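Worksheet: the structure to be examined is printed underneath.
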Amino acid sequence: AVERFGEIVHRETVGPRAPWSRVLKAGEVLTIVDLDGNQAVDFLAYDAHDFSRAYSVQATLQEQDSVFLTTGSTLRDNEGGALLHVVADSVGRHDTLGGACSRESNTLRYGHHTYAQHACADNFINELSRYGMGKRDQVSNINWFMNVPVDPDGALGIVDGISAPGLSLSLRAEKDTLAMVSNCPQINNPCNGFDPSRVEMVVHLG
């Protein structure tokens, strides 16, 4: 997927459990590569000129007939405006409902011994602070590469991923957009194969 777009203007490997962010200019394409396979990538997006215009799962799903994201999906903000468009996806579907792990949710799900473990919420709060934002600015997130099937009764399950080493997805910025990632540190469920690993972020001119 990386070769099909324009000139590469930024390329960076994000280590296991680490955050990442960058302002994408309108028209630029961000490709996220699952280098080692089965790694969940938690993702937030904001209008780069108005952080109150943030990715909205409600607005995004309202405009499509699936709770999953794939090629053709448009990520919309809380005013219904387009932030990013999925222009390529070699995985097939990505989760919009599973949320981001936090110390509190880890404790609730897996026991008090997990409270000290680093979580996506920590990554997001640290990264948001770089842009003058805080916990109240953290909106619902996307989980790229994460497999969260929805049962007929509406129950969710976090199960083994359907990604594999080298699979990727690409997002075209529809406007100047702050993209923010937590390379998920979760080790208590299969979303990362119990072994968080690297991802690569590649930005093309489009």
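Labels used: A, B, ... for chains in the order of the structure tokens, numbers from 1 for residues in each chain, and numbers from 1 for ligands as shown.
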Tell me, as JSON, numbers by chain, which residues lie within 10 Å of range 141-148 of chain A, counting only C-alpha atoms; anything in the same chain fewer than 5 positions away does not count. {"A": [32, 33, 34, 37, 38, 39, 40, 41, 42, 43, 44, 45, 55, 56, 57, 68, 69, 70, 75, 91, 92, 93, 94, 95, 96, 97, 98, 99, 100, 155, 156, 157, 158, 159, 160, 161, 162, 163, 164, 167, 168, 169, 180, 181, 182, 183, 184, 190, 191, 192]}
Backbone-only DSSP, strand (DSSP E or B) members of range 91-202 of chain A, as a PyMOL selection string: chain A and resi 94-95+142-144+147+150+156+159+167-173+177-183+199-202
Atomic distance CA of Gln186 in chain A - CA of Asp36 in chain A, expressed in Å with one decimal: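 Taking CA of Gln186 in chain A as the start and CA of Asp36 in chain A as the end point, the length is 15.6 Å.
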Mind running range 40-126 of chain A against range 2-15 of chain A at 12 Å and telling me each contacting residue's nearest atom pair with the distance in Å (one decimal), counting only C-alpha atoms, chain and number ascending, as JSON lines?
```
{"residue": "A:Val41", "atom": "CA", "partner": "A:Val14", "partner_atom": "CA", "distance": 10.4}
{"residue": "A:Val87", "atom": "CA", "partner": "A:Phe5", "partner_atom": "CA", "distance": 10.1}
{"residue": "A:Ala88", "atom": "CA", "partner": "A:Arg4", "partner_atom": "CA", "distance": 9.6}
{"residue": "A:Asp89", "atom": "CA", "partner": "A:Val2", "partner_atom": "CA", "distance": 11.1}
{"residue": "A:Ser90", "atom": "CA", "partner": "A:Val2", "partner_atom": "CA", "distance": 11.3}
```
Only C-alpha atoms, please: the residues just picked out, written as a PDB file, in the first residue's frame.
```pdb
ATOM      1  CA  VAL A  41      -3.556   0.825  17.113  1.00  0.00           C
ATOM      2  CA  VAL A  87      -8.458   4.959   0.743  1.00  0.00           C
ATOM      3  CA  ALA A  88      -6.833   1.517   1.161  1.00  0.00           C
ATOM      4  CA  ASP A  89      -7.125  -1.352   3.625  1.00  0.00           C
ATOM      5  CA  SER A  90      -5.501  -4.789   3.369  1.00  0.00           C
TER       6      SER A  90
END
```
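Across A:Cys101, A:Val23, A:Ala119, A:Ala18, the tightest approach to Ser140 in chain A is made by A:Cys101 when counting only C-alpha atoms.
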For Tyr46 in chain A: contacts at 6 Å, only C-alpha atoms, fewer than 4 positions along chain excluded, given as a list in words: Phe51, Arg53, Ala54, Thr177 and Leu178 of chain A
Restricted to N, CA and C atoms, what would the selected residues look like written as an mmCIF file, in the first residue's frame?
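Generated output (selection-v5.cif):
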```cif
data_model
loop_
_atom_site.group_PDB
_atom_site.id
_atom_site.type_symbol
_atom_site.label_atom_id
_atom_site.label_comp_id
_atom_site.auth_asym_id
_atom_site.auth_seq_id
_atom_site.Cartn_x
_atom_site.Cartn_y
_atom_site.Cartn_z
ATOM 1 N N PHE A 51 -9.852 22.223 17.675
ATOM 2 C CA PHE A 51 -9.821 20.931 18.350
ATOM 3 C C PHE A 51 -11.186 20.512 18.904
ATOM 4 N N ARG A 53 -13.669 20.250 17.119
ATOM 5 C CA ARG A 53 -14.196 19.401 16.048
ATOM 6 C C ARG A 53 -13.376 18.119 16.043
ATOM 7 N N ALA A 54 -13.855 17.115 16.757
ATOM 8 C CA ALA A 54 -13.110 15.874 16.956
ATOM 9 C C ALA A 54 -13.839 14.691 16.324
ATOM 10 N N THR A 177 -5.668 17.849 9.619
ATOM 11 C CA THR A 177 -6.172 16.984 10.695
ATOM 12 C C THR A 177 -5.040 16.550 11.622
ATOM 13 N N LEU A 178 -5.259 16.701 12.918
ATOM 14 C CA LEU A 178 -4.342 16.158 13.917
ATOM 15 C C LEU A 178 -4.681 14.691 14.119
#
```
Could you tell me how far CA of Ser21 in chain A lies from CA of Lys135 in chain A, in Å and to one decimal?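 Atom-to-atom, CA of Ser21 in chain A to CA of Lys135 in chain A, that is 16.2 Å.
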Rounded to one decimal in Å, what is the spacing between CA of Thr71 in chain A and CA of Ile187 in chain A?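 Between CA of Thr71 in chain A and CA of Ile187 in chain A the gap works out to 28.6 Å.
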I need the residues in range 108-146 of chain A that are alpha helix (DSSP H) according to DSSP; give them as a PyMOL selection string. chain A and resi 108-110+120-129
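Around Val86 in chain A, within 6 Å and counting only C-alpha atoms, the residues found are Thr71, Gly72, Ser73, Ser170 and Leu171 of chain A, once anything fewer than 5 positions away on its own chain is removed.
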